[in-house]
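A.B. asks: Before anything else, here's the structure in question.
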Amino acid sequence: MGDFPAMVELNVGGVHYTTKHKTLLSEPNTLLHEMFTGKPNDIIKDAKGRYFIDRDGVLFRYILDYLRDSAISLPEGFREKERLKQEAEHFRLAGLVKTLNQLTENRPPGCITVGYRGSFQFGKDGLADVKFRKLSRLLICGRVALCREVFGDTLNESRDPDHGGPDRYTSRFFLKHTFIEQAFDDLQKSGFRLAGSCGSGTSGSSTDLKPGVDSEENRWNHYNEFVFIRD
Amino acid sequence: MGDFPAMVELNVGGVHYTTKHKTLLSEPNTLLHEMFTGKPNDIIKDAKGRYFIDRDGVLFRYILDYLRDSAISLPEGFREKERLKQEAEHFRLAGLVKTLNQLTENRPPGCITVGYRGSFQFGKDGLADVKFRKLSRLLICGRVALCREVFGDTLNESRDPDHGGPDRYTSRFFLKHTFIEQAFDDLQKSGFRLAGSCGSGTSGSSTDLKPGVDSEENRWNHYNEFVFIRD
Amino acid sequence: MGDFPAMVELNVGGVHYTTKHKTLLSEPNTLLHEMFTGKPNDIIKDAKGRYFIDRDGVLFRYILDYLRDSAISLPEGFREKERLKQEAEHFRLAGLVKTLNQLTENRPPGCITVGYRGSFQFGKDGLADVKFRKLSRLLICGRVALCREVFGDTLNESRDPDHGGPDRYTSRFFLKHTFIEQAFDDLQKSGFRLAGSCGSGTSGSSTDLKPGVDSEENRWNHYNEFVFIRD
Amino acid sequence: MGDFPAMVELNVGGVHYTTKHKTLLSEPNTLLHEMFTGKPNDIIKDAKGRYFIDRDGVLFRYILDYLRDSAISLPEGFREKERLKQEAEHFRLAGLVKTLNQLTENRPPGCITVGYRGSFQFGKDGLADVKFRKLSRLLICGRVALCREVFGDTLNESRDPDHGGPDRYTSRFFLKHTFIEQAFDDLQKSGFRLAGSCGSGTSGSSTDLKPGVDSEENRWNHYNEFVFIRD
Amino acid sequence: MGDFPAMVELNVGGVHYTTKHKTLLSEPNTLLHEMFTGKPNDIIKDAKGRYFIDRDGVLFRYILDYLRDSAISLPEGFREKERLKQEAEHFRLAGLVKTLNQLTENRPPGCITVGYRGSFQFGKDGLADVKFRKLSRLLICGRVALCREVFGDTLNESRDPDHGGPDRYTSRFFLKHTFIEQAFDDLQKSGFRLAGSCGSGTSGSSTDLKPGVDSEENRWNHYNEFVFIRD
C-alpha cells in the first residue's frame with residue numbers, strides 16, 4: 001500500500017485518468033482496492049508508466065466519480081446504465097450495482113391510463129358567467145403494482161372485486177381526489193410521460209334527461225382518456 | 001501567489017485544461033482560490049508538471065467558463081445540471097451553486113391544463129362567409145403556485161372559493177383574455193411543453209335551444225383541453 | 001504469438017486503445033486473431049510503436065468491449081448500429097454481426113393500431129356511484145407477422161377469413177383479454193411507441209335503443225384508436 | 001506579422017487546434033487578427049510552444065470553421081448557440097455574432113393554431129363512391145407578426161377589425177387557399193412543429209337542416225384544430 | 001507517390017488521424033489524391049511530423065470512412081449533414097457530395113394527411129359478437145409529388161380533376177386498398193412520422209337513416225385524420 005504514489009495515473013482501455021491513490025481504496029473488497037493494495041509491479045503499466053486496466057475507458061469516468069463521492073449522479077437521460085452496471089460488476093462495486101439496479105428495478109416500464117367523464121357546472125351555479133370543469137371520478141387502469149406505486153394513498157381500490165394481485169391488470173381503480181393535474185404530477189414524479197390522449201363527446205338529445213340533471217350539463221358530457229407510459 | 005506561472009496547466013481527473021492563473025483566482029473564498037494562492041508545492045503535480053485536481057474532468061469545462069466570465073451559459077437541454085452542482089459545491093463556487101439552484105427551484109416540474117368551450121360566430125355575423133372562433137373563457141387548472149407563476153396578472157382567481165393556497169390544486173382559475181395562443185406562449189416562456197390534447201363535441205338537438213342562441217352555434221359547441229407539462 | 005507483449009497499444013485510425021494481447025485473441029478466425037498471432041513486424045506501427053489499424057477509431061470501442069466480455073451491451077438509443085455492423089464485418093466478428101442483425105431483423109419497423117368501442121357500466125351496477133370502463137373487444141390491425149410477434153397467445157385470429165399470410169395486412173384480429181394497458185405493455189416490450197390517438201363519440205338519440213341496453217351506456221359510447229409505431 | 005509560422009498550433013483552454021496563420025487573420029478588427037499580427041512573444045505559450053487562448057476549447061471549433069469559410073454551418077439541433085455567441089463576442093467576430101442573432105431573432109418562439117370546419121362532398125357529387133374532404137376556410141390564430149411571417153401573401157387579414165398591430169393576438173385571420181397541407185408545409189418551413197391536435201364533431205339532428213344543405217354533409221361536420229409551436 | 005510512407009499521420013485542424021497512404025489515394029481527382037501524389041515537402045507538417053490539413057477535425061472521420069469503404073454509412077439521426085457536405089465539396093469528393101445531396105433532395109420535407117370515414121360491421125355480420133372496423137376509402141391529401149413518391153402504384157388519382165401537376169396540392173387522391181396500417185408503413189418507409197391525429201364522430205339520429213344502412217353502423221360513424229410530416 002505504501003508503494004503507490006499519492007497520485008495515480010491510469011490507462012483504462014486507452015483513456016487516461018488521474019486520481020488519488022486513496023480514492024481508489026475508498027471502497028473495501030473491490031477489485032480496485034485489491035489491485036492498489038497489492039504490489040505495484042503486479043499491475044501492467046503502459047509505456048508512459050500509467051497503470052493499465054483492460055476495461056471501457058469512457059464509462060470509467062462514472063466509476064471514479066462514485067469512488068470520489070461514495071454516491072453517483074448520472075447525467076439526465078443517461079443511455080449507458082446497462083453498460084455501466086457491467087463495469088460496476090466487473091470492479092465489484094456492490095453499492096453502485098445496487099444503486100443502478102434500483103434505478104431500473106424500482107421503475108419497471110409500463111402503461112397507466114387515466115380517464116374521466118366530465119362536463120361543466122351549469123346547475124346551481126348556472127347564473128354565473130364562468131362554467132368550471134365538473135367531474136366525478138378519475139378512473140385509473142393498468143397493472144396493479146404500477147398503479148399502487150404511483151398513486152399510493154390517493155388510490156381507492158374498494159371497488160376492485162378481485163382484490164387485485166400486483167401482477168394483474170385492473171380497470172376498477174379510481175382516485176380519492178378529482179384533480180387531473182395532481183394525478184398527472186404524480187405520474188410525472190414516477191417517471192411516466194403522457195404518450196397519447198383521446199376525447200369523445202356523447203350522443204342523445206335532452207329527451208333522455210334524468211330528473212335533476214341540467215340539460216346543458218348533459219350536452220357537454222365528454223370522456224377524456226390519457227395514456228401515460230414509462231420507458 | 002507570485003510563485004505560480006501566469007498560465008497554469010491543469011490535470012482534472014485526467015482531462016487537461018490550460019488557463020490563466022488569475023482566472024483561477026477570480027472568485028475569492030473558493031477552493032481554487034485557496035489552492036492557487038497557497039504554495040505551488042502543496043498541489044500534487046502529474047508527470048508533465050500539470051497541477052492535479054481529483055474531480056470530474058469533463059464538467060470542469062463549465063467551472064472554468066464560469067470563472068472566466070463570472071456567469072454561466074449552459075448548452076440548451078444540458079443534462080448534467082445535478083452533476084455540475086455537485087462540482088460547484090465541491091469547489092465552493094457559491095454563485096454558481098445559486099444559479100444552478102435557481103434553474104431548478106424556480107422551475108419545478110408539474111402540469112397545467114388549459115381548456116375552453118368554443119364554437120363559431122354565426123349570430124349577428126351570420127351573413128358573412130367566414131365564421132371565426134368564438135369562446136367565452138380559457139379555464140386554467142393545476143397547482144396554484146404554478147398557475148400564478150405562468151400567467152401572473154392575466155390570471156383571474158376571483159371565482160376560486162378556497163382562495164387557493166399555493167400548494168393546493170384548483171380547477172377554478174380562468175384567464176382575463178381569450179387568446180388560446182397567448183396562453184400557450186406564456187406556458188412556453190415558462191418552460192412548459194404541450195404534452196397532449198383532447199377534443200369533444202356536444203350532444204342534443206336544437207330542441208334544447210335556449211332563447212337568443214343561434215342553432216348553428218349550438219351545433220358546433222366543443223370542448224378542447226390541452227395538457228402542458230414542465231420537466 | 002509469443003512475440004507480442006502482454007499489453008498491446010493500438011492506433012485505430014488515430015484513436016488510441018490499450019488492451020491485453022489475449023483480449024485480441026479471444027475469438028478465433030477473426031481478422032484481429034489473425035493479425036495478432038502472426039509476426040509482430042507484419043503490422044505497421046505508428047511513430048510511438050502502437051500497432052496500426054486503418055479503421056474507424058470511435059467504433060472500435062465496442063469491438064473491444066465485445067472481445068472483453070464475449071457479449072455486447074450498446075448504449076440505449078445507439079445511433080451507429082449500421083456503422084458498427086460494417087466494422088464487425090470487416091473484423092470478421094461473426095457473433096457480433098449476428099447479434100447486430102438480430103437487433104434489426106427481429107424488430108422490423110412497422111405500425112399496429114389498437115382500437116376499442118367502449119362505454120361505462122351503468123346497467124346492473126347502476127346504483128353505485130362509480131361507473132367503470134366497459135369494453136367488449138380490443139381490435140388489432142396491421143401486418144399479420146407483426147401482430148403475431150407482439151401479442152402471441154393473446155391474439156385471437158379465429159375471425160380472419162383469409163387465415164392471414166404473414167405479409168398480409170388484416171383488420172380482423174382481436175385480443176383474448178380486454179385490458180388496454182396490457183396490450184400497450186406488450187407493444188412497449190416489443191419496441192413500439194404510441195405515435196398518435198383518436199377518439200370519437202357516437203350519434204343518435206335513445207329512440208334507437210335496443211332492448212336490454214341502458215340508455216346512459218348508449219350515450220357514452222365511443223371509439224378510441226391508438227397508433228403504435230416501431231422505428 | 002512575418003514572425004509567425006505559416007501553420008499555427010493553438011491551445012484553447014486545453015483543447016489543441018492547428019490552423020494556418022492566414023486563417024486567423026481572415027477577418028480584420030478581430031481579437032485574433034490583433035493577437036496574430038502583433039509580436040509572437042506577446043502571446044503566452046504552453047509547454048509545447050502552442051499559443052495559448054484562455055477560452056472554451058470545444059466551441060473554438062466553430063470559431064475556426066467560421067474563419068476558414070467566412071460562413072457558419074452549425075450542426076442541426078445545435079444546443080450551444082448562446083454559448084457560441086458569447087465566444088464570438090469575445091473574439092469580436094461581428095459577422096458571426098450577427099448571423100447567430102439572426103438565427104434567434106428572426107425566429108422568435110411562439111404558437112400558431114390552424115383550425116378548420118370540414119365535412120365531405122355528398123351534394124352534387126353524391127352519386128360518386130368517393131366522398132372527398134370539403135372545407136370552407138382555414139382559420140389562423142396567434143400573434144399577428146408570427147402569422148404574417150409564416151403565411152405572407154396567403155394570409156387574408158380583411159376581416160380583422162383591429163387591423164392587428166404586430167404584437168397583438170388575433171383570431172380573425174384566415175388563408176386565401178384551403179389546403180391544410182400547404183399551411184402545414186409553410187409552418188414547417190418557418191420552423192414550427194405540430195405539438196397537438198383536437199377534433200370534435202357536431203350535435204343536432206337533421207331537423208336543423210337549412211335549405212340546400214345535404215343531410216349527410218351536415219352529419220359529418222367536424223372541427224379540427226392544430227397547435228403549432230416554434231421553440 | 002513513392003515518397004510517402006505506407007502509413008500516414010494527419011493533423012486535421014488539430015485532430016489526429018492515422019491511415020494508409022493508399023486510402024488517401026482511393027479516389028482520383030480529389031484534393032487528397034492531388035496532395036498525396038505530389039511532393040511530401042509541399043504539405044505543411046506539424047511539430048510531430050504529421051501532415052497538416054486546415055479543415056474541421058471532427059468531420060474528417062467520415063471523409064476517411066468514405067475513402068476506406070467507397071461508401072458512407074452515417075450515424076442514425078446524424079446532425080451535421082450540411083457541414084459534412086461542405087467538407088466533401090472542399091475535398092472534391094464528388095461521389096460523397098452526390099450521396100449527401102440525394103439524402104436531402106430525394107426526401108424533401110413536407111406534410112401528407114391520411115383520413116378515413118369509418119364505422120363497424122353491424123349489418124350482415126350483425127349476429128357475430130365481434131364488430132370489426134369498416135371503412136370505404138383512405139383519403140390522401142398533400143403536395144402531388146410527395147403523395148406519388150410515398151404511395152406509388154397504390155395511389156388512385158382518377159378523381160383528381162386537375163390531373164395534378166407535381167407542385168400543386170390536392171385533396172382528391174385516395175388509395176386502392178383500405179388498410180390504414182399499410183398506408184402508415186409506406187409513410188414510415190419514406191421517412192415520415194405521425195405528428196398529430198384528430199378524431200370526430202357524427203351527429204343526427206336514426207331518423208336520417210337511408211335504406212339499407214344499419215342504424216348502429218350509422219351511429220358509430222367517425223372521421224379520423226392523421227398528419228404525417230417529414231423533416
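Scheme for the C-alpha cells: letters A, B, ... for chains in order shown; per-chain residue numbers from 1; ligand numbers from 1 in order shown.
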What residues in chain C have any atom no more than 6 Å from chain A when counting only C-alpha atoms, and can you write them as a list in words?

C.D. replies: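 Here is what falls inside 6 Å: His16, Tyr17, Thr18, Thr19, Ser73, Pro75, Glu76, Glu181, Asp185, Ser197, Cys198, Gly199, Ser200, Gly201, Thr202, Ser203, Gly204, Ser205, Ser206, Arg219 and Trp220 of chain C.
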
A.B. asks: Write a file of the selected residues as a JSON list (two decimals), in the first residue's frame, keeping N, CA and C atoms.

C.D. replies:
```json
[["chain", "number", "residue", "atom", "x", "y", "z"],
["C", 16, "HIS", "N", -6.42, 6.04, -29.85],
["C", 16, "HIS", "CA", -5.52, 5.11, -29.17],
["C", 16, "HIS", "C", -6.27, 4.24, -28.18],
["C", 17, "TYR", "N", -6.04, 2.94, -28.24],
["C", 17, "TYR", "CA", -6.61, 2.00, -27.29],
["C", 17, "TYR", "C", -5.49, 1.18, -26.69],
["C", 18, "THR", "N", -5.73, 0.72, -25.49],
["C", 18, "THR", "CA", -4.78, -0.18, -24.84],
["C", 18, "THR", "C", -5.56, -1.39, -24.39],
["C", 19, "THR", "N", -5.07, -2.57, -24.65],
["C", 19, "THR", "CA", -5.79, -3.77, -24.25],
["C", 19, "THR", "C", -4.78, -4.90, -24.05],
["C", 73, "SER", "N", -23.19, -4.82, -25.06],
["C", 73, "SER", "CA", -24.27, -4.05, -24.47],
["C", 73, "SER", "C", -24.11, -2.65, -25.04],
["C", 75, "PRO", "N", -25.16, 1.36, -25.90],
["C", 75, "PRO", "CA", -25.89, 2.45, -25.24],
["C", 75, "PRO", "C", -27.35, 2.43, -25.68],
["C", 76, "GLU", "N", -28.26, 2.80, -24.79],
["C", 76, "GLU", "CA", -29.65, 2.93, -25.18],
["C", 76, "GLU", "C", -29.75, 3.99, -26.28],
["C", 181, "GLU", "N", -54.26, -1.60, -21.24],
["C", 181, "GLU", "CA", -52.91, -1.35, -20.74],
["C", 181, "GLU", "C", -52.02, -2.57, -20.94],
["C", 185, "ASP", "N", -48.62, -2.50, -22.90],
["C", 185, "ASP", "CA", -47.38, -3.02, -22.32],
["C", 185, "ASP", "C", -46.72, -4.01, -23.28],
["C", 197, "SER", "N", -53.27, 9.14, -31.37],
["C", 197, "SER", "CA", -54.50, 8.54, -30.90],
["C", 197, "SER", "C", -55.68, 9.42, -31.29],
["C", 198, "CYS", "N", -56.83, 8.79, -31.51],
["C", 198, "CYS", "CA", -58.03, 9.47, -31.96],
["C", 198, "CYS", "C", -59.20, 8.98, -31.14],
["C", 199, "GLY", "N", -60.06, 9.89, -30.72],
["C", 199, "GLY", "CA", -61.28, 9.48, -30.06],
["C", 199, "GLY", "C", -62.49, 10.04, -30.78],
["C", 200, "SER", "N", -63.62, 9.33, -30.73],
["C", 200, "SER", "CA", -64.85, 9.86, -31.30],
["C", 200, "SER", "C", -66.03, 9.27, -30.56],
["C", 201, "GLY", "N", -67.06, 10.07, -30.42],
["C", 201, "GLY", "CA", -68.29, 9.59, -29.81],
["C", 201, "GLY", "C", -69.23, 9.06, -30.88],
["C", 202, "THR", "N", -70.46, 8.84, -30.50],
["C", 202, "THR", "CA", -71.45, 8.33, -31.45],
["C", 202, "THR", "C", -72.57, 9.34, -31.61],
["C", 203, "SER", "N", -73.48, 9.05, -32.50],
["C", 203, "SER", "CA", -74.62, 9.93, -32.71],
["C", 203, "SER", "C", -75.91, 9.16, -32.46],
["C", 204, "GLY", "N", -77.00, 9.85, -32.43],
["C", 204, "GLY", "CA", -78.29, 9.18, -32.33],
["C", 204, "GLY", "C", -78.87, 9.24, -30.94],
["C", 205, "SER", "N", -80.14, 9.48, -30.87],
["C", 205, "SER", "CA", -80.78, 9.60, -29.57],
["C", 205, "SER", "C", -81.28, 8.24, -29.10],
["C", 206, "SER", "N", -81.87, 8.23, -27.92],
["C", 206, "SER", "CA", -82.24, 6.97, -27.30],
["C", 206, "SER", "C", -83.39, 6.28, -28.02],
["C", 219, "ARG", "N", -75.41, 6.42, -24.57],
["C", 219, "ARG", "CA", -74.98, 7.81, -24.81],
["C", 219, "ARG", "C", -73.46, 7.96, -24.76],
["C", 220, "TRP", "N", -72.81, 7.17, -23.90],
["C", 220, "TRP", "CA", -71.38, 7.34, -23.68],
["C", 220, "TRP", "C", -70.53, 6.48, -24.62]]
```

A.B. asks: Can you pull out the residues contacting Leu67 of chain E? Cut-off 8 Å, using only C-alpha atoms, and skip same-chain residues under 5 positions away; I want them as a PDB file with all heavy atoms, in the first residue's frame.

C.D. replies:
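Output file part21.pdb is given in full below:
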```
ATOM      1  N   THR E  23      -5.150   4.617 -48.839  1.00  0.00           N
ATOM      2  CA  THR E  23      -6.539   5.024 -48.552  1.00  0.00           C
ATOM      3  C   THR E  23      -6.775   6.448 -49.040  1.00  0.00           C
ATOM      4  O   THR E  23      -7.826   6.750 -49.623  1.00  0.00           O
ATOM      5  CB  THR E  23      -6.811   4.943 -47.031  1.00  0.00           C
ATOM      6  OG1 THR E  23      -6.692   3.576 -46.618  1.00  0.00           O
ATOM      7  CG2 THR E  23      -8.201   5.455 -46.674  1.00  0.00           C
ATOM      8  N   LEU E  24      -5.792   7.294 -48.860  1.00  0.00           N
ATOM      9  CA  LEU E  24      -5.933   8.695 -49.275  1.00  0.00           C
ATOM     10  C   LEU E  24      -5.991   8.841 -50.790  1.00  0.00           C
ATOM     11  O   LEU E  24      -6.494   9.844 -51.306  1.00  0.00           O
ATOM     12  CB  LEU E  24      -4.784   9.528 -48.705  1.00  0.00           C
ATOM     13  CG  LEU E  24      -4.778   9.641 -47.172  1.00  0.00           C
ATOM     14  CD1 LEU E  24      -3.488  10.272 -46.691  1.00  0.00           C
ATOM     15  CD2 LEU E  24      -5.979  10.454 -46.695  1.00  0.00           C
ATOM     16  N   SER E  26      -7.541   6.630 -52.773  1.00  0.00           N
ATOM     17  CA  SER E  26      -8.539   5.701 -53.324  1.00  0.00           C
ATOM     18  C   SER E  26      -9.485   6.343 -54.330  1.00  0.00           C
ATOM     19  O   SER E  26     -10.105   5.636 -55.114  1.00  0.00           O
ATOM     20  CB  SER E  26      -9.317   5.031 -52.193  1.00  0.00           C
ATOM     21  OG  SER E  26     -10.031   6.001 -51.470  1.00  0.00           O
ATOM     22  N   GLU E  27      -9.634   7.657 -54.301  1.00  0.00           N
ATOM     23  CA  GLU E  27     -10.468   8.334 -55.304  1.00  0.00           C
ATOM     24  C   GLU E  27      -9.611   9.291 -56.123  1.00  0.00           C
ATOM     25  O   GLU E  27      -8.979  10.187 -55.551  1.00  0.00           O
ATOM     26  CB  GLU E  27     -11.566   9.156 -54.614  1.00  0.00           C
ATOM     27  CG  GLU E  27     -12.559   8.371 -53.824  1.00  0.00           C
ATOM     28  CD  GLU E  27     -13.920   8.268 -54.512  1.00  0.00           C
ATOM     29  OE1 GLU E  27     -14.388   9.252 -55.123  1.00  0.00           O
ATOM     30  OE2 GLU E  27     -14.502   7.165 -54.445  1.00  0.00           O
TER      31      GLU E  27
END
```

A.B. asks: Just asking: which residues within segment 77-215 of chain B are helix (DSSP H, G or I) according to DSSP, as an MDAnalysis selection string?

C.D. replies: chainID B and resid 81:90 94:105 144:154 180:189 206:208 215

A.B. asks: Hey, can you spit out that residue selection with N, CA and C atoms as a short mmCIF file (atom, residue, chain, number, x, y, z; two decimals), in the first residue's frame?

C.D. replies:
```
data_model
loop_
_atom_site.label_atom_id
_atom_site.label_comp_id
_atom_site.auth_asym_id
_atom_site.auth_seq_id
_atom_site.Cartn_x
_atom_site.Cartn_y
_atom_site.Cartn_z
N LYS B 81 -26.96 19.00 -15.01
CA LYS B 81 -27.11 20.09 -14.04
C LYS B 81 -26.84 19.62 -12.62
N GLU B 82 -27.42 18.49 -12.24
CA GLU B 82 -27.22 17.99 -10.89
C GLU B 82 -25.75 17.67 -10.66
N ARG B 83 -25.13 17.04 -11.64
CA ARG B 83 -23.72 16.69 -11.52
C ARG B 83 -22.85 17.95 -11.43
N LEU B 84 -23.18 18.95 -12.23
CA LEU B 84 -22.41 20.19 -12.20
C LEU B 84 -22.56 20.87 -10.85
N LYS B 85 -23.76 20.80 -10.27
CA LYS B 85 -23.96 21.43 -8.97
C LYS B 85 -23.06 20.79 -7.92
N GLN B 86 -22.93 19.49 -7.98
CA GLN B 86 -22.02 18.80 -7.06
C GLN B 86 -20.58 19.31 -7.21
N GLU B 87 -20.18 19.52 -8.45
CA GLU B 87 -18.83 20.03 -8.66
C GLU B 87 -18.71 21.46 -8.11
N ALA B 88 -19.72 22.28 -8.39
CA ALA B 88 -19.70 23.67 -7.91
C ALA B 88 -19.63 23.71 -6.39
N GLU B 89 -20.37 22.79 -5.75
CA GLU B 89 -20.32 22.74 -4.28
C GLU B 89 -18.94 22.32 -3.80
N HIS B 90 -18.35 21.37 -4.47
CA HIS B 90 -17.01 20.93 -4.08
C HIS B 90 -16.01 22.10 -4.16
N ALA B 94 -20.08 29.61 -4.66
CA ALA B 94 -21.43 29.88 -4.15
C ALA B 94 -22.33 30.47 -5.24
N GLY B 95 -21.77 31.36 -6.05
CA GLY B 95 -22.58 32.00 -7.09
C GLY B 95 -23.10 30.99 -8.10
N LEU B 96 -22.25 30.07 -8.48
CA LEU B 96 -22.66 29.07 -9.47
C LEU B 96 -23.70 28.11 -8.87
N VAL B 97 -23.48 27.73 -7.60
CA VAL B 97 -24.46 26.86 -6.94
C VAL B 97 -25.82 27.54 -6.92
N LYS B 98 -25.80 28.83 -6.59
CA LYS B 98 -27.06 29.58 -6.52
C LYS B 98 -27.74 29.63 -7.89
N THR B 99 -26.96 29.92 -8.91
CA THR B 99 -27.52 29.98 -10.26
C THR B 99 -28.13 28.65 -10.66
N LEU B 100 -27.42 27.56 -10.35
CA LEU B 100 -27.92 26.24 -10.73
C LEU B 100 -29.17 25.88 -9.94
N ASN B 101 -29.20 26.28 -8.67
CA ASN B 101 -30.40 26.04 -7.87
C ASN B 101 -31.59 26.78 -8.44
N GLN B 102 -31.35 28.03 -8.86
CA GLN B 102 -32.46 28.81 -9.41
C GLN B 102 -33.01 28.16 -10.67
N LEU B 103 -32.12 27.60 -11.46
CA LEU B 103 -32.57 26.96 -12.69
C LEU B 103 -33.57 25.85 -12.40
N THR B 104 -33.38 25.14 -11.28
CA THR B 104 -34.32 24.05 -10.98
C THR B 104 -35.40 24.46 -10.00
N GLU B 105 -35.04 25.25 -8.96
CA GLU B 105 -36.04 25.63 -7.97
C GLU B 105 -37.12 26.55 -8.55
N VAL B 144 -51.80 25.77 -7.66
CA VAL B 144 -51.97 27.22 -7.63
C VAL B 144 -50.68 27.97 -7.91
N ALA B 145 -49.59 27.54 -7.26
CA ALA B 145 -48.33 28.27 -7.41
C ALA B 145 -47.84 28.25 -8.85
N LEU B 146 -48.01 27.12 -9.51
CA LEU B 146 -47.58 27.01 -10.90
C LEU B 146 -48.40 27.94 -11.80
N CYS B 147 -49.73 27.92 -11.59
CA CYS B 147 -50.60 28.75 -12.42
C CYS B 147 -50.25 30.23 -12.26
N ARG B 148 -50.00 30.63 -11.01
CA ARG B 148 -49.64 32.04 -10.78
C ARG B 148 -48.33 32.39 -11.45
N GLU B 149 -47.35 31.49 -11.34
CA GLU B 149 -46.04 31.76 -11.94
C GLU B 149 -46.17 32.00 -13.45
N VAL B 150 -46.97 31.17 -14.10
CA VAL B 150 -47.06 31.24 -15.56
C VAL B 150 -47.88 32.42 -16.03
N PHE B 151 -49.05 32.63 -15.41
CA PHE B 151 -49.99 33.58 -16.00
C PHE B 151 -50.01 34.95 -15.33
N GLY B 152 -49.42 35.04 -14.12
CA GLY B 152 -49.29 36.35 -13.47
C GLY B 152 -50.57 37.17 -13.49
N ASP B 153 -50.46 38.39 -14.00
CA ASP B 153 -51.58 39.32 -13.99
C ASP B 153 -52.74 38.91 -14.87
N THR B 154 -52.50 38.00 -15.78
CA THR B 154 -53.61 37.63 -16.68
C THR B 154 -54.51 36.56 -16.06
N ILE B 180 -56.17 31.76 -26.92
CA ILE B 180 -55.50 30.49 -26.61
C ILE B 180 -54.00 30.61 -26.84
N GLU B 181 -53.64 31.22 -27.94
CA GLU B 181 -52.23 31.26 -28.34
C GLU B 181 -51.40 32.08 -27.35
N GLN B 182 -52.01 33.12 -26.78
CA GLN B 182 -51.28 33.91 -25.76
C GLN B 182 -51.04 33.04 -24.53
N ALA B 183 -52.03 32.26 -24.15
CA ALA B 183 -51.85 31.35 -23.01
C ALA B 183 -50.74 30.34 -23.32
N PHE B 184 -50.75 29.82 -24.54
CA PHE B 184 -49.74 28.84 -24.92
C PHE B 184 -48.34 29.48 -24.94
N ASP B 185 -48.27 30.71 -25.43
CA ASP B 185 -46.98 31.40 -25.45
C ASP B 185 -46.47 31.60 -24.02
N ASP B 186 -47.38 31.97 -23.11
CA ASP B 186 -46.97 32.16 -21.71
C ASP B 186 -46.46 30.84 -21.12
N LEU B 187 -47.12 29.76 -21.45
CA LEU B 187 -46.68 28.45 -20.95
C LEU B 187 -45.32 28.08 -21.55
N GLN B 188 -45.15 28.38 -22.82
CA GLN B 188 -43.86 28.07 -23.46
C GLN B 188 -42.72 28.88 -22.83
N LYS B 189 -42.99 30.17 -22.58
CA LYS B 189 -41.96 31.03 -21.97
C LYS B 189 -41.55 30.50 -20.60
N SER B 206 -81.55 20.62 -31.61
CA SER B 206 -81.90 22.02 -31.42
C SER B 206 -83.16 22.20 -30.58
N THR B 207 -83.84 21.14 -30.24
CA THR B 207 -85.00 21.32 -29.35
C THR B 207 -84.57 21.85 -27.99
N ASP B 208 -83.26 21.75 -27.69
CA ASP B 208 -82.75 22.26 -26.42
C ASP B 208 -82.47 23.76 -26.45
N SER B 215 -78.86 28.34 -33.66
CA SER B 215 -78.84 26.87 -33.64
C SER B 215 -77.55 26.32 -34.23
#
```

A.B. asks: Running DSSP on the backbone, which parts of segment 29-104 of chain C land in strand (DSSP E or B), as a list of chain:residue names?

C.D. replies: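 Of segment 29-104 of chain C, the ones in strand (DSSP E or B) are C:Lys45, C:Tyr51, C:Phe52, C:Ile53.
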
A.B. asks: Would you compute the distance between atom CA of Lys48 of chain D and atom CA of Arg61 of chain D? Give it in Å to one decimal.

C.D. replies: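 Separation between atom CA of Lys48 of chain D and atom CA of Arg61 of chain D: 20.3 Å.
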
A.B. asks: Val8 of chain A: which residues within 8 Å, counting only C-alpha atoms, same-chain residues fewer than 3 positions away excluded, as a ChimeraX atom specification?

C.D. replies: /A:4-5,18-21,50-51

A.B. asks: Just to confirm, what's the straight-line distance from atom CA of Ile63 of chain B to atom CA of Phe91 of chain B in Å (one decimal)?

C.D. replies: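 One can read the atom CA of Ile63 of chain B to atom CA of Phe91 of chain B distance as 8.7 Å.
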